[in-house]
>>> print(open('data19.tsv').read())   # TSV, C-alpha atoms
chain	number	residue	atom	x	y	z
A	1	PRO	CA	50.66	43.72	-5.23
A	2	ILE	CA	48.47	40.89	-6.53
A	3	SER	CA	47.71	42.69	-9.78
A	4	ALA	CA	51.39	43.57	-10.24
A	5	SER	CA	52.47	39.94	-9.78
A	6	SER	CA	49.81	38.71	-12.24
A	7	ALA	CA	50.95	41.28	-14.77
A	8	ASN	CA	54.53	40.06	-14.38
A	9	LEU	CA	53.41	36.47	-14.89
A	10	ARG	CA	51.55	37.44	-18.04
A	11	LEU	CA	54.62	39.22	-19.39
A	12	LYS	CA	56.81	36.19	-18.66
A	13	TYR	CA	54.29	33.86	-20.30
A	14	ARG	CA	54.11	36.03	-23.43
A	15	SER	CA	57.89	36.24	-23.66
A	16	GLN	CA	58.13	32.46	-23.35
A	17	GLN	CA	55.53	32.03	-26.09
A	18	GLN	CA	57.43	34.38	-28.38
A	19	ARG	CA	60.69	32.52	-27.78
A	20	TYR	CA	58.96	29.19	-28.45
A	21	LYS	CA	57.48	30.48	-31.73
A	22	GLN	CA	60.85	31.85	-32.75
A	23	LYS	CA	62.53	28.49	-32.09
A	24	MET	CA	59.81	26.64	-34.01
A	25	ASP	CA	60.21	28.98	-36.97
A	26	GLU	CA	63.96	28.41	-36.97
A	27	THR	CA	63.43	24.63	-36.74
A	28	ASN	CA	60.95	24.64	-39.62
A	29	ASP	CA	63.33	26.68	-41.76
A	30	SER	CA	66.18	24.26	-41.07
A	31	VAL	CA	63.94	21.26	-41.79
A	32	LEU	CA	62.84	22.78	-45.10
A	33	ALA	CA	66.45	23.48	-45.96
A	34	LEU	CA	67.55	19.90	-45.17
A	35	CYS	CA	64.45	18.13	-46.51
A	36	PRO	CA	63.39	19.88	-49.72
A	37	SER	CA	60.71	18.44	-51.97
A	38	TRP	CA	63.17	17.59	-54.74
A	39	ALA	CA	65.12	15.21	-52.45
A	40	LEU	CA	62.53	12.51	-53.19
A	41	SER	CA	63.29	12.66	-56.91
A	42	VAL	CA	67.01	12.15	-56.20
A	43	GLY	CA	66.25	9.05	-54.14
A	44	TYR	CA	63.98	7.58	-56.79
A	45	MET	CA	66.66	8.23	-59.39
A	46	GLY	CA	68.83	5.82	-57.41
A	47	VAL	CA	66.00	3.26	-57.45
A	48	ALA	CA	65.61	3.61	-61.22
A	49	ALA	CA	69.38	3.45	-61.80
A	50	ALA	CA	69.73	0.20	-59.84
A	51	MET	CA	66.85	-1.42	-61.72
A	52	VAL	CA	67.43	-0.17	-65.26
A	53	LEU	CA	71.22	-0.50	-65.45
A	54	SER	CA	71.19	-3.98	-63.90
A	55	ASN	CA	68.52	-5.13	-66.34
A	56	PHE	CA	70.51	-3.61	-69.21
A	57	GLY	CA	73.58	-5.59	-68.17
A	58	SER	CA	71.46	-8.73	-67.78
A	59	ALA	CA	69.96	-8.31	-71.25
A	60	TRP	CA	73.37	-7.60	-72.76
A	61	GLY	CA	74.91	-10.74	-71.25
A	62	THR	CA	71.91	-12.88	-72.23
A	63	TRP	CA	72.09	-11.59	-75.80
A	64	LYS	CA	75.81	-12.25	-76.25
A	65	ALA	CA	75.81	-15.68	-74.58
A	66	GLY	CA	72.47	-16.74	-76.10
A	67	VAL	CA	73.53	-16.05	-79.68
A	68	SER	CA	76.69	-18.12	-79.30
A	69	LEU	CA	74.70	-20.89	-77.58
A	70	VAL	CA	72.27	-21.16	-80.49
A	71	HIS	CA	75.12	-20.97	-83.00
A	72	THR	CA	76.98	-23.79	-81.25
A	73	GLY	CA	73.80	-25.88	-80.90
A	74	ILE	CA	73.51	-26.11	-84.68
A	75	ARG	CA	76.73	-28.07	-84.93
A	76	HIS	CA	76.64	-29.82	-81.54
A	77	PRO	CA	73.12	-29.96	-80.01
A	78	GLY	CA	74.24	-32.15	-77.12
A	79	SER	CA	76.21	-29.30	-75.52
A	80	VAL	CA	73.32	-26.81	-75.38
A	81	MET	CA	72.11	-27.66	-71.87
A	82	LYS	CA	75.68	-27.79	-70.58
A	83	ASN	CA	76.58	-24.38	-72.00
A	84	VAL	CA	73.40	-22.63	-70.87
A	85	ILE	CA	75.14	-21.53	-67.64
A	86	PRO	CA	76.23	-18.07	-68.98
A	87	VAL	CA	72.63	-17.26	-69.91
A	88	VAL	CA	71.40	-18.19	-66.43
A	89	MET	CA	74.15	-16.22	-64.69
A	90	ALA	CA	73.43	-13.16	-66.83
A	91	GLY	CA	69.75	-13.33	-65.91
A	92	VAL	CA	70.54	-13.40	-62.18
A	93	ILE	CA	72.10	-9.92	-62.41
A	94	GLY	CA	68.68	-8.41	-63.09
A	95	ILE	CA	67.43	-9.96	-59.84
A	96	TYR	CA	70.24	-8.22	-57.93
A	97	GLY	CA	69.08	-4.87	-59.27
A	98	LEU	CA	65.47	-5.69	-58.41
A	99	ILE	CA	66.36	-6.52	-54.80
A	100	VAL	CA	68.39	-3.34	-54.30
A	101	SER	CA	65.74	-1.13	-55.91
A	102	VAL	CA	63.02	-2.58	-53.67
A	103	ILE	CA	65.17	-2.01	-50.56
A	104	LEU	CA	65.85	1.60	-51.56
A	105	ALA	CA	62.22	2.31	-52.42
A	106	GLN	CA	61.05	1.02	-49.04
A	107	ASN	CA	63.44	3.41	-47.26
A	108	ILE	CA	61.97	6.49	-48.97
A	109	PRO	CA	59.14	7.86	-46.78
A	110	THR	CA	56.06	9.44	-48.33
A	111	PRO	CA	55.22	13.07	-47.44
A	112	SER	CA	52.60	13.60	-44.73
A	113	SER	CA	49.09	14.90	-45.31
A	114	GLY	CA	50.33	18.37	-44.33
A	115	ARG	CA	52.84	18.24	-47.20
A	116	VAL	CA	55.74	17.98	-44.78
A	117	ASN	CA	58.74	16.15	-46.24
A	118	ALA	CA	60.88	14.05	-43.88
A	119	TYR	CA	63.33	12.84	-46.57
A	120	SER	CA	66.63	14.71	-46.40
A	121	VAL	CA	69.12	15.57	-49.12
A	122	TYR	CA	71.66	13.35	-47.38
A	123	SER	CA	69.39	10.30	-47.67
A	124	GLY	CA	68.59	11.12	-51.30
A	125	MET	CA	72.26	11.37	-52.28
A	126	ALA	CA	73.07	8.18	-50.36
A	127	HIS	CA	70.30	6.26	-52.14
A	128	LEU	CA	71.37	7.68	-55.51
A	129	ALA	CA	74.97	6.57	-54.92
A	130	ALA	CA	73.80	3.12	-53.82
A	131	GLY	CA	71.62	2.73	-56.91
A	132	LEU	CA	74.40	3.82	-59.24
A	133	CYS	CA	76.89	1.45	-57.58
A	134	CYS	CA	74.52	-1.49	-58.00
A	135	GLY	CA	73.41	-0.58	-61.54
A	136	ILE	CA	76.83	0.15	-63.03
A	137	SER	CA	78.33	-2.93	-61.36
A	138	GLY	CA	75.51	-5.04	-62.83
A	139	LEU	CA	76.05	-3.48	-66.24
A	140	ALA	CA	79.77	-4.24	-66.19
A	141	ALA	CA	79.21	-7.78	-64.87
A	142	GLY	CA	76.57	-8.49	-67.52
A	143	GLY	CA	78.87	-7.37	-70.31
A	144	CYS	CA	81.73	-9.44	-68.90
A	145	ILE	CA	79.54	-12.55	-68.61
A	146	GLY	CA	78.21	-12.05	-72.13
A	147	ILE	CA	81.64	-11.69	-73.74
A	148	VAL	CA	83.23	-14.54	-71.75
A	149	GLY	CA	80.20	-16.74	-72.37
A	150	ASP	CA	80.17	-15.92	-76.08
A	151	HIS	CA	83.75	-16.97	-76.72
A	152	GLY	CA	83.70	-19.77	-74.13
A	153	VAL	CA	80.58	-21.46	-75.49
A	154	ARG	CA	81.89	-21.27	-79.04
A	155	SER	CA	85.24	-22.72	-78.01
A	156	VAL	CA	83.66	-25.60	-76.08
A	157	GLY	CA	81.34	-26.25	-79.01
A	158	TYR	CA	84.22	-26.34	-81.46
A	159	ARG	CA	86.09	-28.88	-79.34
A	160	ALA	CA	82.95	-30.98	-78.89
A	161	SER	CA	82.32	-31.07	-82.65
A	162	ALA	CA	85.90	-32.27	-83.27
A	163	ILE	CA	87.11	-29.28	-85.29
A	164	SER	CA	89.92	-26.84	-84.73
A	165	LEU	CA	90.18	-23.20	-85.61
A	166	PHE	CA	93.90	-23.72	-86.14
A	167	PRO	CA	94.42	-26.49	-88.74
A	168	GLY	CA	97.21	-28.94	-88.12
A	169	SER	CA	99.09	-31.34	-90.38
A	170	GLU	CA	95.93	-33.29	-91.25
A	171	ALA	CA	93.98	-30.23	-92.38
A	172	LYS	CA	90.97	-30.85	-94.55
A	173	ASP	CA	89.09	-27.91	-96.07
A	174	GLY	CA	90.45	-25.49	-93.49
A	175	TYR	CA	89.75	-27.71	-90.42
A	176	ALA	CA	91.66	-30.48	-88.66
A	177	GLN	CA	90.07	-33.51	-87.05
A	178	ILE	CA	90.77	-33.72	-83.31
A	179	PRO	CA	90.91	-37.21	-81.81
A	180	ASP	CA	89.11	-38.14	-78.61
A	181	GLU	CA	92.18	-39.63	-76.93
A	182	GLU	CA	95.82	-38.69	-76.76
A	183	GLY	CA	98.28	-40.46	-78.97
A	184	GLU	CA	95.94	-41.16	-81.89
A	185	ALA	CA	97.31	-38.42	-84.09
A	186	GLY	CA	100.78	-37.68	-82.86
A	187	ASN	CA	101.07	-34.04	-81.87
A	188	GLN	CA	97.34	-33.36	-82.11
A	189	ILE	CA	95.58	-32.33	-78.89
A	190	SER	CA	92.86	-34.51	-77.42
A	191	GLY	CA	89.33	-33.13	-77.91
A	192	SER	CA	87.44	-34.54	-74.89
A	193	GLU	CA	90.06	-33.59	-72.31
A	194	ASP	CA	90.55	-30.08	-73.62
A	195	GLN	CA	86.82	-29.63	-73.91
A	196	ASN	CA	86.49	-30.19	-70.14
A	197	LYS	CA	89.42	-27.87	-69.45
A	198	LEU	CA	87.84	-25.13	-71.54
A	199	PHE	CA	84.51	-25.54	-69.81
A	200	VAL	CA	86.04	-25.38	-66.31
A	201	GLY	CA	88.05	-22.29	-67.24
A	202	MET	CA	84.97	-20.61	-68.69
A	203	LEU	CA	82.98	-21.47	-65.55
A	204	ILE	CA	85.60	-19.93	-63.25
A	205	MET	CA	85.67	-16.73	-65.28
A	206	LEU	CA	81.88	-16.56	-65.19
A	207	ILE	CA	81.81	-17.01	-61.40
A	208	PHE	CA	84.25	-14.16	-60.82
A	209	SER	CA	82.38	-12.01	-63.32
A	210	GLU	CA	79.19	-12.62	-61.35
A	211	ALA	CA	81.05	-11.58	-58.19
A	212	LEU	CA	81.40	-8.07	-59.66
A	213	ALA	CA	77.63	-7.62	-59.42
A	214	LEU	CA	77.55	-9.00	-55.86
>>> encode(input="data19.tsv", output="structure tokens")
Amino acid sequence: PISASSANLRLKYRSQQQRYKQKMDETNDSVLALCPSWALSVGYMGVAAAMVLSNFGSAWGTWKAGVSLVHTGIRHPGSVMKNVIPVVMAGVIGIYGLIVSVILAQNIPTPSSGRVNAYSVYSGMAHLAAGLCCGISGLAAGGCIGIVGDHGVRSVGYRASAISLFPGSEAKDGYAQIPDEEGEAGNQISGSEDQNKLFVGMLIMLIFSEALAL
């Protein structure tokens, strides 16, 4: 009876070991199916998209606003420091992409020494979507800031240099002199007051353009 009971215990132990191995094999297969090696590349594509597209939008906005700033500074150098705001706001967009890319990169685990990947396809797709959202939003915001800053800086510069793109009754060589105060030239518009209105309007548009990247 003792040998029979020990034999039964051995059979039960072997059957339990076989079941355990079968469960482990099924678990490993499911882990490999959910965490393939190429999932890491998808996650890092999101990191690259957030960084590159945001920097592209930042460079685009800096280029458009910077060219108009230099062009306006030739005629009215005193307004350069005042109109440098679009360039600064365009440069901040690149910092947004840098922050998001660093956060995404820190959430991507490295494979273990046994070449076991713990990064799932779900996480890779989520990080790719997050990177694309940040990068494309930064690209659109940078272009919007550049175009608004380009035309806004030129318009403020034209008002500060006392010229009008639309000549009035006192036109001289294609331009009309704009007085500094109302009432000096009849129906002419005052230059200093409208210059401030143009600047405030440009600043509001730039703020809401920056909100697109946020």
>>> closest_residue(input="data19.tsv", among="A:Leu203, A:Lys82, A:Ile145, A:Ala129", to="Trp63 (chain A)", atoms="only C-alpha atoms")
A:Ile145
>>> atom_distance(input="data19.tsv", atom1="CA of Tyr122 (chain A)", atom2="CA of Pro109 (chain A)")
13.7 Å
>>> atom_distance(input="data19.tsv", atom1="CA of Thr62 (chain A)", atom2="CA of Val87 (chain A)")
5.0 Å
>>> atom_distance(input="data19.tsv", atom1="CA of Ala211 (chain A)", atom2="CA of Gly149 (chain A)")
15.1 Å
>>> closest_residue(input="data19.tsv", among="A:Val47, A:Ile93, A:Leu34, A:Leu212", to="Ser137 (chain A)", atoms="all atoms listed in the file")
A:Leu212
>>> residues_around(input="data19.tsv", residues="region 99-104 of chain A", least_positions_apart="5", cutoff="7 Å", atoms="all atoms listed in the file", output="ChimeraX atom specification")
/A:47,50-51,127
>>> write_last_selection(input="data19.tsv", atoms="C-alpha atoms", output="PDB file, in the frame of the given file")
ATOM      1  CA  VAL A  47      66.000   3.260 -57.450  1.00  0.00           C
ATOM      2  CA  ALA A  50      69.730   0.200 -59.840  1.00  0.00           C
ATOM      3  CA  MET A  51      66.850  -1.420 -61.720  1.00  0.00           C
ATOM      4  CA  HIS A 127      70.300   6.260 -52.140  1.00  0.00           C
TER       5      HIS A 127
END
>>> closest_residue(input="data19.tsv", among="A:Ala213, A:Met202, A:Ala105, A:Ile95", to="Ala141 (chain A)", atoms="only C-alpha atoms")
A:Ala213
>>> residues_around(input="data19.tsv", residues="His71 (chain A)", least_positions_apart="2", cutoff="10 Å", atoms="only C-alpha atoms", output="PDB file with C-alpha atoms, in the coordinates of the input")
ATOM      1  CA  ALA A  65      75.810 -15.680 -74.580  1.00  0.00           C
ATOM      2  CA  GLY A  66      72.470 -16.740 -76.100  1.00  0.00           C
ATOM      3  CA  VAL A  67      73.530 -16.050 -79.680  1.00  0.00           C
ATOM      4  CA  SER A  68      76.690 -18.120 -79.300  1.00  0.00           C
ATOM      5  CA  LEU A  69      74.700 -20.890 -77.580  1.00  0.00           C
ATOM      6  CA  GLY A  73      73.800 -25.880 -80.900  1.00  0.00           C
ATOM      7  CA  ILE A  74      73.510 -26.110 -84.680  1.00  0.00           C
ATOM      8  CA  ARG A  75      76.730 -28.070 -84.930  1.00  0.00           C
ATOM      9  CA  HIS A  76      76.640 -29.820 -81.540  1.00  0.00           C
ATOM     10  CA  PRO A  77      73.120 -29.960 -80.010  1.00  0.00           C
ATOM     11  CA  VAL A  80      73.320 -26.810 -75.380  1.00  0.00           C
ATOM     12  CA  ASP A 150      80.170 -15.920 -76.080  1.00  0.00           C
ATOM     13  CA  VAL A 153      80.580 -21.460 -75.490  1.00  0.00           C
ATOM     14  CA  ARG A 154      81.890 -21.270 -79.040  1.00  0.00           C
ATOM     15  CA  GLY A 157      81.340 -26.250 -79.010  1.00  0.00           C
TER      16      GLY A 157
END
>>> closest_residue(input="data19.tsv", among="A:Val84, A:Val92, A:Ile147, A:Val42", to="Ser123 (chain A)", atoms="all atoms listed in the file")
A:Val42
>>> closest_residue(input="data19.tsv", among="A:Gly46, A:Met81, A:Leu53, A:Lys197", to="Asn107 (chain A)", atoms="only C-alpha atoms")
A:Gly46
>>> closest_residue(input="data19.tsv", among="A:Gly124, A:Gly78, A:Pro86, A:Gly138", to="Ile204 (chain A)", atoms="only C-alpha atoms")
A:Pro86
>>> residues_around(input="data19.tsv", residues="Gly135 (chain A)", least_positions_apart="4", cutoff="9 Å", atoms="only C-alpha atoms", output="list in words")
Gly46, Ala48, Ala49, Ala50, Met51, Val52, Leu53, Ser54, Asn55, Phe56, Gly57, Gly97, Ala130, Gly131, Leu139, Ala140 and Ala213 of chain A
